[in-house]
Structure formats: C-alpha cells, structure tokens
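Participant: Enclosed is the structure file entry-v1.cif (mmCIF, C-alpha atoms).
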data_start
loop_
_atom_site.label_atom_id
_atom_site.label_comp_id
_atom_site.auth_asym_id
_atom_site.auth_seq_id
_atom_site.Cartn_x
_atom_site.Cartn_y
_atom_site.Cartn_z
CA MET K 5 -30.87 88.23 222.21
CA ALA K 6 -27.74 90.04 223.42
CA GLY K 7 -29.51 93.39 223.36
CA LEU K 8 -32.45 92.00 225.31
CA GLU K 9 -30.09 90.60 227.91
CA LEU K 10 -28.45 94.01 228.45
CA LEU K 11 -31.86 95.65 228.66
CA PHE K 12 -33.13 93.10 231.18
CA ASN K 13 -30.06 93.50 233.35
CA CYS K 14 -30.57 97.27 233.36
CA VAL K 15 -34.14 97.00 234.69
CA SER K 16 -33.99 93.71 236.60
CA ASN K 17 -33.93 95.47 239.97
CA SER K 18 -37.20 97.28 239.15
CA ILE K 19 -39.09 94.23 237.83
CA THR K 20 -41.75 93.24 240.37
CA CYS K 21 -43.98 90.80 238.45
CA SER K 22 -44.11 88.63 235.37
CA GLN K 23 -46.05 91.34 233.48
CA ASP K 24 -43.04 93.64 233.85
CA ALA K 25 -40.78 91.01 232.29
CA LEU K 26 -43.13 90.55 229.35
CA ILE K 27 -43.30 94.32 228.77
CA CYS K 28 -39.50 94.32 228.70
CA PHE K 29 -39.51 91.64 225.96
CA VAL K 30 -42.13 93.47 223.81
CA HIS K 31 -40.26 96.74 224.24
CA TRP K 32 -37.08 95.22 222.87
CA GLU K 33 -38.88 93.78 219.83
CA ILE K 34 -40.18 97.29 219.00
CA VAL K 35 -36.68 98.73 219.39
CA LYS K 36 -35.29 96.07 217.02
CA GLY K 37 -37.87 97.19 214.45
CA GLY K 38 -36.23 100.63 214.17
CA TYR K 39 -37.90 102.59 217.00
CA LYS K 40 -36.80 104.30 220.19
CA CYS K 41 -38.84 104.99 223.28
CA LEU K 42 -39.79 108.58 224.06
CA GLY K 43 -41.52 108.21 227.39
CA ILE K 44 -44.59 107.03 229.25
CA GLY K 45 -48.23 108.11 228.98
CA ASP K 46 -50.37 109.26 226.07
CA ASP K 47 -49.04 112.81 225.78
CA PRO K 48 -45.45 113.98 225.21
CA LYS K 49 -43.60 115.83 227.95
CA ASP K 50 -40.91 118.48 227.90
CA GLY K 51 -37.31 117.34 227.86
CA GLU K 52 -37.99 113.86 226.52
CA LYS K 53 -35.17 112.08 224.70
CA SER K 54 -35.46 108.97 222.57
CA SER K 55 -33.68 105.93 223.95
CA GLU K 56 -33.48 102.17 223.54
CA LEU K 57 -33.91 101.81 227.31
CA LEU K 58 -37.18 101.81 229.19
CA PRO K 59 -37.98 105.27 230.59
CA PRO K 60 -38.26 106.04 234.28
CA GLY K 61 -41.63 105.09 235.75
CA TRP K 62 -42.43 102.60 232.98
CA ASN K 63 -43.89 100.07 235.49
CA GLU K 64 -45.46 102.39 238.06
CA SER K 65 -48.75 100.56 237.47
CA ASN K 66 -48.94 96.83 236.91
CA GLU K 67 -52.51 97.21 235.66
CA LEU K 68 -51.84 99.62 232.77
CA TYR K 69 -48.65 100.22 230.79
CA ALA K 70 -48.38 103.09 228.25
CA LEU K 71 -45.22 103.73 226.21
CA ARG K 72 -44.61 106.01 223.24
CA TYR K 73 -42.11 105.33 220.43
CA ARG K 74 -40.66 107.20 217.49
CA SER K 75 -39.01 105.66 214.43
CA ASN K 76 -35.34 106.34 213.81
CA ASP K 77 -36.18 108.25 210.61
CA ASP K 78 -38.78 110.37 212.48
CA ARG K 79 -41.53 109.30 210.07
CA SER K 80 -43.66 107.14 212.35
CA SER K 81 -44.94 107.24 215.93
CA LEU K 82 -46.32 104.37 218.00
CA LEU K 83 -48.37 104.27 221.18
CA LEU K 84 -48.22 100.96 223.06
CA LYS K 85 -50.73 100.15 225.79
CA ALA K 86 -51.01 96.94 227.80
CA PHE K 87 -53.86 96.04 230.17
CA THR K 88 -53.60 93.32 232.81
CA VAL K 89 -56.63 91.04 232.87
CA ASP K 90 -56.22 88.10 235.26
CA SER K 91 -53.20 86.16 233.98
CA THR K 92 -53.08 87.79 230.56
CA LEU K 93 -51.81 91.04 229.03
CA ILE K 94 -53.91 92.68 226.32
CA PHE K 95 -51.71 94.79 224.03
CA ASN K 96 -52.93 97.66 221.83
CA LEU K 97 -50.55 99.34 219.39
CA MET K 98 -51.56 102.42 217.39
CA ASP K 99 -49.55 103.82 214.51
CA SER K 100 -50.27 107.56 214.40
CA THR K 101 -49.07 107.81 210.79
CA THR K 102 -51.43 105.25 209.26
CA GLU K 103 -53.94 105.42 212.15
CA LYS K 104 -53.89 101.62 212.24
CA VAL K 105 -54.54 99.84 215.55
CA THR K 106 -53.45 96.27 216.25
CA ASP K 107 -54.09 94.18 219.34
CA LEU K 108 -52.82 90.93 220.82
CA THR K 109 -53.69 88.98 223.97
CA ILE K 110 -50.86 87.01 225.57
CA ASN K 111 -51.00 84.52 228.40
CA VAL K 112 -48.09 85.68 230.54
CA SER K 113 -47.34 82.30 232.14
CA GLU K 114 -46.69 80.73 228.72
CA TYR K 115 -43.67 82.97 228.08
CA VAL K 116 -42.43 84.13 231.49
CA ASP K 117 -41.28 81.87 234.31
CA GLU K 118 -42.46 83.79 237.36
CA ALA K 119 -40.55 81.55 239.74
CA ASN K 120 -37.20 82.31 238.06
CA MET K 121 -37.15 86.01 237.25
CA GLN K 122 -33.82 86.71 238.96
CA THR K 123 -31.60 85.88 235.96
CA PHE K 124 -32.02 86.47 232.23
CA GLU K 125 -31.25 82.86 231.33
CA SER K 126 -34.32 81.57 233.19
CA VAL K 127 -36.93 84.32 232.97
CA PHE K 128 -38.15 83.86 229.37
CA LYS K 129 -39.37 80.75 227.60
CA ASN K 130 -40.77 79.96 224.15
CA THR K 131 -39.13 83.13 222.89
CA ASP K 132 -39.28 82.16 219.19
CA GLU K 133 -43.03 81.55 219.41
CA LEU K 134 -43.55 84.85 221.23
CA THR K 135 -41.50 86.77 218.64
CA ALA K 136 -43.53 85.25 215.81
CA LYS K 137 -46.79 86.25 217.50
CA LEU K 138 -45.66 89.81 218.00
CA LYS K 139 -44.49 90.22 214.41
CA SER K 140 -47.59 88.69 212.87
CA SER K 141 -50.29 90.28 215.03
CA LEU K 142 -48.99 93.37 216.82
CA LEU K 143 -45.87 95.04 215.45
CA PRO K 144 -45.85 97.06 212.18
CA THR K 145 -44.41 95.23 209.21
CA LYS K 146 -41.98 96.59 206.62
CA LYS K 147 -44.78 96.53 204.03
CA GLU K 148 -46.95 98.77 206.20
CA GLU K 149 -44.04 101.17 206.72
CA ARG K 150 -43.45 101.38 202.95
CA GLN K 151 -47.18 101.91 202.41
CA GLY K 152 -47.17 104.77 204.92
CA LYS K 153 -44.23 106.39 203.17
CA THR K 154 -45.96 106.00 199.79
CA GLU K 155 -49.14 107.61 201.13
CA ARG K 156 -47.17 110.53 202.54
CA LYS K 157 -45.37 110.94 199.22
CA THR K 158 -48.67 110.85 197.35
CA ASP K 159 -50.16 113.50 199.65
CA SER K 160 -47.08 115.66 199.15
CA GLU K 161 -47.27 115.32 195.36
CA ARG K 162 -50.99 116.12 195.43
CA ALA K 163 -50.35 119.27 197.46
CA SER K 164 -47.54 120.24 195.08
CA ASN K 165 -49.83 119.77 192.08
CA LEU K 166 -52.45 122.00 193.65
CA ARG K 167 -49.86 124.73 194.00
CA ASP K 168 -48.69 124.34 190.39
CA PRO K 169 -50.93 126.49 188.16
CA HIS K 170 -49.94 124.50 185.07
CA ARG K 171 -51.17 121.18 186.55
CA ASP K 172 -54.40 122.29 188.22
CA PRO K 173 -57.34 121.73 185.83
CA LEU K 174 -59.66 123.89 187.97
CA LEU K 175 -57.41 126.92 188.25
CA ILE K 176 -58.59 129.97 186.28
CA PRO K 177 -55.64 131.30 184.27
CA THR K 178 -54.51 134.88 184.71
CA ARG K 179 -55.36 137.53 182.13
CA GLY K 180 -51.80 138.59 181.54
CA PRO K 181 -50.32 138.88 178.05
CA SER K 182 -49.95 135.61 176.25
CA ASN K 183 -46.46 134.34 175.48
CA ARG K 184 -47.60 132.43 172.43
CA GLN K 185 -46.72 133.77 168.98
CA PRO K 186 -49.59 134.56 166.59
CA PRO K 187 -50.13 132.00 163.83
CA ASN K 188 -48.38 132.57 160.54
CA TRP K 189 -51.40 133.21 158.34
CA PRO K 190 -50.71 132.98 154.59
CA ASP K 191 -51.10 136.01 152.42
CA PRO K 192 -54.80 136.13 151.39
CA MET K 193 -53.81 137.45 147.96
CA ALA K 194 -51.40 134.58 147.27
CA PRO K 195 -52.45 132.40 144.31
CA PHE K 196 -53.37 129.36 146.42
CA ALA K 197 -54.01 130.93 149.84
CA ALA K 198 -57.72 130.04 149.88
CA GLY K 199 -59.31 126.98 148.34
CA GLY K 200 -55.94 125.34 147.78
CA ALA K 201 -57.51 121.93 147.28
CA ASP K 202 -59.35 123.27 144.24
CA LEU K 203 -56.87 125.78 142.90
CA ASP K 204 -53.58 123.90 143.22
CA PRO K 205 -53.38 121.17 140.55
CA PHE K 206 -50.06 119.91 141.89
CA GLY K 207 -50.91 119.77 145.59
CA GLY K 208 -51.27 115.98 145.70
CA ARG K 209 -54.96 116.22 146.61
CA ALA K 210 -58.03 115.22 144.68
CA GLY K 211 -59.52 117.82 142.37
CA GLY K 212 -57.91 121.09 141.46
CA MET K 213 -58.31 123.73 138.79
CA ILE K 214 -55.66 124.32 136.19
CA VAL K 215 -56.39 128.06 136.13
CA ASP K 216 -57.60 130.24 138.99
CA PRO K 217 -60.65 132.00 137.50
CA LEU K 218 -59.92 135.13 139.56
CA ARG K 219 -56.27 135.32 138.51
CA ALA K 220 -56.31 134.06 134.93
CA GLY K 221 -55.36 137.42 133.47
CA PHE K 222 -58.79 138.10 132.00
CA PRO K 223 -60.66 141.26 132.79
CA ARG K 224 -63.12 140.81 135.63
CA SER K 225 -65.77 142.90 137.18
CA GLY K 226 -65.05 145.12 140.11
CA PHE K 227 -67.28 143.05 142.37
CA ASP K 228 -65.58 142.44 145.73
CA PRO K 229 -67.57 140.16 148.09
CA SER K 230 -65.55 141.31 151.10
CA SER K 231 -67.14 144.75 150.80
CA GLY K 232 -70.58 143.23 151.33
CA ILE K 233 -73.70 142.88 149.24
CA PRO K 234 -76.37 145.46 149.96
CA GLY K 235 -79.37 143.85 151.56
CA VAL K 236 -77.74 140.38 151.51
CA LEU K 237 -74.33 140.36 153.21
CA PRO K 238 -72.86 142.98 155.53
CA PRO K 239 -69.35 144.27 154.88
CA GLY K 240 -66.67 141.91 156.17
CA ALA K 241 -68.87 138.80 156.05
CA VAL K 242 -66.58 137.31 153.40
CA PRO K 243 -62.85 137.34 154.38
CA PRO K 244 -60.53 139.05 151.90
CA GLY K 245 -59.19 136.64 149.31
CA ALA K 246 -61.61 133.83 150.22
CA ARG K 247 -63.53 132.02 147.54
CA PHE K 248 -67.10 133.18 147.29
CA ASP K 249 -69.87 131.49 145.35
CA PRO K 250 -72.83 133.85 145.02
CA PHE K 251 -76.07 132.26 146.12
CA GLY K 252 -78.19 134.59 143.99
CA PRO K 253 -77.94 137.28 141.33
CA VAL K 254 -75.68 139.99 142.58
CA GLY K 255 -77.81 142.76 141.08
CA ARG K 256 -81.25 141.42 141.88
CA HIS K 257 -82.03 144.52 143.97
CA ARG K 258 -81.60 146.83 141.00
CA PRO K 259 -83.96 149.81 140.73
CA GLY K 260 -87.10 149.60 138.67
CA PRO K 261 -89.89 147.08 138.51
CA ASP K 262 -88.98 143.44 138.96
CA PRO K 263 -90.65 141.10 136.44
CA ASP K 264 -91.36 138.72 139.30
CA HIS K 265 -93.55 141.36 140.93
CA MET K 266 -96.18 141.02 138.19
CA PRO K 267 -98.50 138.00 138.43
CA PRO K 268 -98.61 135.70 135.40
CA PRO K 269 -101.54 135.84 133.05
CA GLY K 270 -104.58 134.01 134.40
CA TYR K 271 -103.21 133.99 137.93
CA ASP K 272 -106.71 134.30 139.33
CA ASP K 273 -107.78 131.17 137.49
CA MET K 274 -107.82 128.41 140.05
CA PHE K 275 -107.53 125.76 137.33
CA MET K 276 -104.36 127.25 135.89
#
Could I get this structure in the form of structure tokens?
Facilitator:
Amino acid sequence: MAGLELLFNCVSNSITCSQDALICFVHWEIVKGGYKCLGIGDDPKDGEKSSELLPPGWNESNELYALRYRSNDDRSSLLLKAFTVDSTLIFNLMDSTTEKVTDLTINVSEYVDEANMQTFESVFKNTDELTAKLKSSLLPTKKEERQGKTERKTDSERASNLRDPHRDPLLIPTRGPSNRQPPNWPDPMAPFAAGGADLDPFGGRAGGMIVDPLRAGFPRSGFDPSSGIPGVLPPGAVPPGARFDPFGPVGRHRPGPDPDHMPPPGYDDMFM
C-alpha cells in the first residue's frame, strides 16, 4: 500500500468527494497490474506521456470519469469509465486488444470514509475486499493477457503463412523452370527393364521367366510393336522395350480374300 499512499498524498489536495478517493484506489490497482495512465477522455491527445500518477483534470467531473491506460510492454490498451449513480460508482473497463468489456458496481460508502478523507490512514476501509472485487470482476487477469498475446501471435503466423508461397495451398505456382531433376529412367533395352517381375527369376518376387523370349538368342521376326500396327495401333502406342502381347493376328489385314468373308455352307438355312 506504500505506492497508494504516495499517490493519495500527491492528489489529496484535489480530492473533493468520496468518488474521487475511490477512483484513486482503482487507478493504483490498474498501475500495479503493469499499466500506466496516458490521459483523460476517450481519444488520445498530442504530447501525452505515460505515468503512474493521475493526469491533470482527472476529476473535473464527479459524474463521469474517463481514463486511458497503456501496458508497460505496449501490447494492451485500457479505457476506464466510471459513472456516478446516487451513492454508487459503475465502472466499465474495455480492453482494446481483446475487445473485452468488464463492469463492476461499487457502493462508495462501503470502502471510503467520507468523514475522514484528510489523511491516508483513515480514508479507505475494507481494502482487501475491494481489491478482491476489482481483480475478480473488473481488471484483466494474467490469463487474459497471455490469451491476447497468443491470439496476436497466431494472427501474425497466419499472415506470415499467407505470404509464404510454399505454405499457401491456394496459391498458383509460377511457371518458371522446375528445379527438380528428371527421374532416372532405366534403359528400355536392358534385359529386365520392362516386366521385371516376369523376366527376373532372381528378383525375390513371385513368378519369373528363366529366359527372356525376346533376348534368348534365337532368331526372331522383325516385328516391332513400337512402330505401330496398321489399322490397329498407331506408331508410338507401345513404348520402346515394353512387353507387348498381341491381341490378334498381326497379319490379319493381309491382301486378298479373307476366309471369314465367305458365309458357311447352308448359311441361309434357319435351322442350321
């Protein structure tokens, strides 16, 4: 309470009512929470400096008090307003960072002795109860401050991710040259380049031929499926070196009459 005593002695000559004394107490509790006062009113003014003292003109009106605060780390701002209603003060505190508003109604006579406001030792009463009320219902808690910092950090990380082209799933990549190396394709004419599961008997897989029929050393026809099959497959339809199982006679489009073009004997007989 030493700090509150110094504060009260600094403003005791300007205190005119019990509401002023209560504002002095609430102000000091906010300062203890890591804030300094910037000035009076809703809007900032030129030349303002943060201070633990009450600013000039803080009690010009006993009906409405308005004080602005800034945290010592410059991450949070508070606007405190107090309205006099009969014998009570209604406090509203807004945190501009989290946009949270808290309020508290205090019966002034329960915590300020109006008949003995000349000295600090006699002006306040039930101070522990008043401090507990302020901390539980009006003032920002450490948890809320940490939550505000976490939200700001999350917003900053989200903005950073939006600027990072490698972490934005909706960003269309540029059409510049790719830095990736082309795959190392095996030689298509290697013995087990295509159909390795069938051609490699020692590959550790099921199946496998002992001898590659295309590379067994026996003479083979000059048929190359990669050059295409007239009327069946266009050139390039079969990759070079790939296994190809013909799905029909290779020379079925040979010139001359096709035996299948002639109907069988008795074709017109419906009972055939």
Participant: Extract, using only C-alpha atoms, all DNA, RNA and protein residues at most 12 Å from stretch 16-21 of chain K, discarding same-chain residues fewer than 3 positions from it, and format them as an mmCIF file with C-alpha atoms, keeping the file's coordinate frame.
Facilitator:
data_model
loop_
_atom_site.group_PDB
_atom_site.id
_atom_site.type_symbol
_atom_site.label_atom_id
_atom_site.label_comp_id
_atom_site.auth_asym_id
_atom_site.auth_seq_id
_atom_site.Cartn_x
_atom_site.Cartn_y
_atom_site.Cartn_z
ATOM 1 C CA LEU K 8 -32.450 92.000 225.310
ATOM 2 C CA GLU K 9 -30.090 90.600 227.910
ATOM 3 C CA LEU K 10 -28.450 94.010 228.450
ATOM 4 C CA LEU K 11 -31.860 95.650 228.660
ATOM 5 C CA PHE K 12 -33.130 93.100 231.180
ATOM 6 C CA ASN K 13 -30.060 93.500 233.350
ATOM 7 C CA ASP K 24 -43.040 93.640 233.850
ATOM 8 C CA ALA K 25 -40.780 91.010 232.290
ATOM 9 C CA LEU K 26 -43.130 90.550 229.350
ATOM 10 C CA ILE K 27 -43.300 94.320 228.770
ATOM 11 C CA CYS K 28 -39.500 94.320 228.700
ATOM 12 C CA LEU K 58 -37.180 101.810 229.190
ATOM 13 C CA PRO K 59 -37.980 105.270 230.590
ATOM 14 C CA PRO K 60 -38.260 106.040 234.280
ATOM 15 C CA GLY K 61 -41.630 105.090 235.750
ATOM 16 C CA TRP K 62 -42.430 102.600 232.980
ATOM 17 C CA ASN K 63 -43.890 100.070 235.490
ATOM 18 C CA GLU K 64 -45.460 102.390 238.060
ATOM 19 C CA SER K 65 -48.750 100.560 237.470
ATOM 20 C CA ASN K 66 -48.940 96.830 236.910
ATOM 21 C CA GLU K 67 -52.510 97.210 235.660
ATOM 22 C CA THR K 88 -53.600 93.320 232.810
ATOM 23 C CA SER K 91 -53.200 86.160 233.980
ATOM 24 C CA VAL K 112 -48.090 85.680 230.540
ATOM 25 C CA SER K 113 -47.340 82.300 232.140
ATOM 26 C CA VAL K 116 -42.430 84.130 231.490
ATOM 27 C CA ASP K 117 -41.280 81.870 234.310
ATOM 28 C CA GLU K 118 -42.460 83.790 237.360
ATOM 29 C CA ALA K 119 -40.550 81.550 239.740
ATOM 30 C CA ASN K 120 -37.200 82.310 238.060
ATOM 31 C CA MET K 121 -37.150 86.010 237.250
ATOM 32 C CA GLN K 122 -33.820 86.710 238.960
ATOM 33 C CA THR K 123 -31.600 85.880 235.960
ATOM 34 C CA PHE K 124 -32.020 86.470 232.230
ATOM 35 C CA VAL K 127 -36.930 84.320 232.970
#
Participant: Mind pulling up the distance from atom CA of K:Leu108 to atom CA of K:Asp77?
Facilitator: 26.1 Å
Participant: Quick one: of K:Ala241, K:Val30, K:Leu68, K:Ile44, who's nearest to K:Ala136, counting all atoms listed in the file?
Facilitator: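 For K:Ala136, the nearest of the given residues is K:Val30.
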Participant: Just to confirm, what's the straight-line distance from atom CA of K:Met98 to atom CA of K:Asp46 in Å (one decimal)?
Facilitator: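 Computing the Euclidean distance for atom CA of K:Met98 and atom CA of K:Asp46 yields 11.1 Å.
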Participant: Please, what distance in Å, to one decimal, runs between atom CA of K:Thr102 and atom CA of K:Ser54?
Facilitator: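 Atom CA of K:Ser54 lies at a distance of 21.1 Å from atom CA of K:Thr102.
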Participant: Using all atoms listed in the file, which of K:Leu237, K:Ala70, K:Leu57, K:Leu42 sits nearest K:Gly7?
Facilitator: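 Once distances to K:Gly7 are computed over all atoms listed in the file, the minimum belongs to K:Leu57.
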Participant: Please provide the set of residues having any atom within 10 Å of K:Ile34, restricted to only C-alpha atoms, with same-chain residues fewer than 6 positions apart removed, written as a ChimeraX atom specification.
Facilitator: /K:40-41,56,73,75,82,84,138-139,142-144
Participant: Reconstruct N, CA and C atoms of stretch 77-89 of chain K from the incomplete input and present them as a PDB file, keeping the file's coordinate frame.
Facilitator:
ATOM      1  N   ASP K  77     -36.150 107.253 211.682  1.00  0.00           N
ATOM      2  CA  ASP K  77     -36.180 108.250 210.610  1.00  0.00           C
ATOM      3  C   ASP K  77     -37.205 109.344 210.860  1.00  0.00           C
ATOM      4  N   ASP K  78     -37.801 109.340 212.070  1.00  0.00           N
ATOM      5  CA  ASP K  78     -38.780 110.370 212.480  1.00  0.00           C
ATOM      6  C   ASP K  78     -39.998 110.431 211.565  1.00  0.00           C
ATOM      7  N   ARG K  79     -40.379 109.325 210.961  1.00  0.00           N
ATOM      8  CA  ARG K  79     -41.530 109.300 210.070  1.00  0.00           C
ATOM      9  C   ARG K  79     -42.728 108.564 210.649  1.00  0.00           C
ATOM     10  N   SER K  80     -42.566 107.928 211.783  1.00  0.00           N
ATOM     11  CA  SER K  80     -43.660 107.140 212.350  1.00  0.00           C
ATOM     12  C   SER K  80     -43.614 107.220 213.855  1.00  0.00           C
ATOM     13  N   SER K  81     -44.812 107.217 214.467  1.00  0.00           N
ATOM     14  CA  SER K  81     -44.940 107.240 215.930  1.00  0.00           C
ATOM     15  C   SER K  81     -45.869 106.117 216.366  1.00  0.00           C
ATOM     16  N   LEU K  82     -45.529 105.473 217.465  1.00  0.00           N
ATOM     17  CA  LEU K  82     -46.320 104.370 218.000  1.00  0.00           C
ATOM     18  C   LEU K  82     -46.708 104.663 219.439  1.00  0.00           C
ATOM     19  N   LEU K  83     -47.897 104.207 219.792  1.00  0.00           N
ATOM     20  CA  LEU K  83     -48.370 104.270 221.180  1.00  0.00           C
ATOM     21  C   LEU K  83     -48.732 102.845 221.606  1.00  0.00           C
ATOM     22  N   LEU K  84     -47.989 102.316 222.565  1.00  0.00           N
ATOM     23  CA  LEU K  84     -48.220 100.960 223.060  1.00  0.00           C
ATOM     24  C   LEU K  84     -48.909 101.025 224.406  1.00  0.00           C
ATOM     25  N   LYS K  85     -50.017 100.274 224.517  1.00  0.00           N
ATOM     26  CA  LYS K  85     -50.730 100.150 225.790  1.00  0.00           C
ATOM     27  C   LYS K  85     -50.938  98.667 226.085  1.00  0.00           C
ATOM     28  N   ALA K  86     -50.813  98.327 227.368  1.00  0.00           N
ATOM     29  CA  ALA K  86     -51.010  96.940 227.800  1.00  0.00           C
ATOM     30  C   ALA K  86     -51.859  96.940 229.065  1.00  0.00           C
ATOM     31  N   PHE K  87     -52.920  96.127 229.046  1.00  0.00           N
ATOM     32  CA  PHE K  87     -53.860  96.040 230.170  1.00  0.00           C
ATOM     33  C   PHE K  87     -53.740  94.648 230.799  1.00  0.00           C
ATOM     34  N   THR K  88     -53.650  94.601 232.106  1.00  0.00           N
ATOM     35  CA  THR K  88     -53.600  93.320 232.810  1.00  0.00           C
ATOM     36  C   THR K  88     -55.010  92.854 233.118  1.00  0.00           C
ATOM     37  N   VAL K  89     -55.338  91.664 232.609  1.00  0.00           N
ATOM     38  CA  VAL K  89     -56.630  91.040 232.870  1.00  0.00           C
ATOM     39  C   VAL K  89     -56.365  89.614 233.347  1.00  0.00           C
TER      40      VAL K  89
END
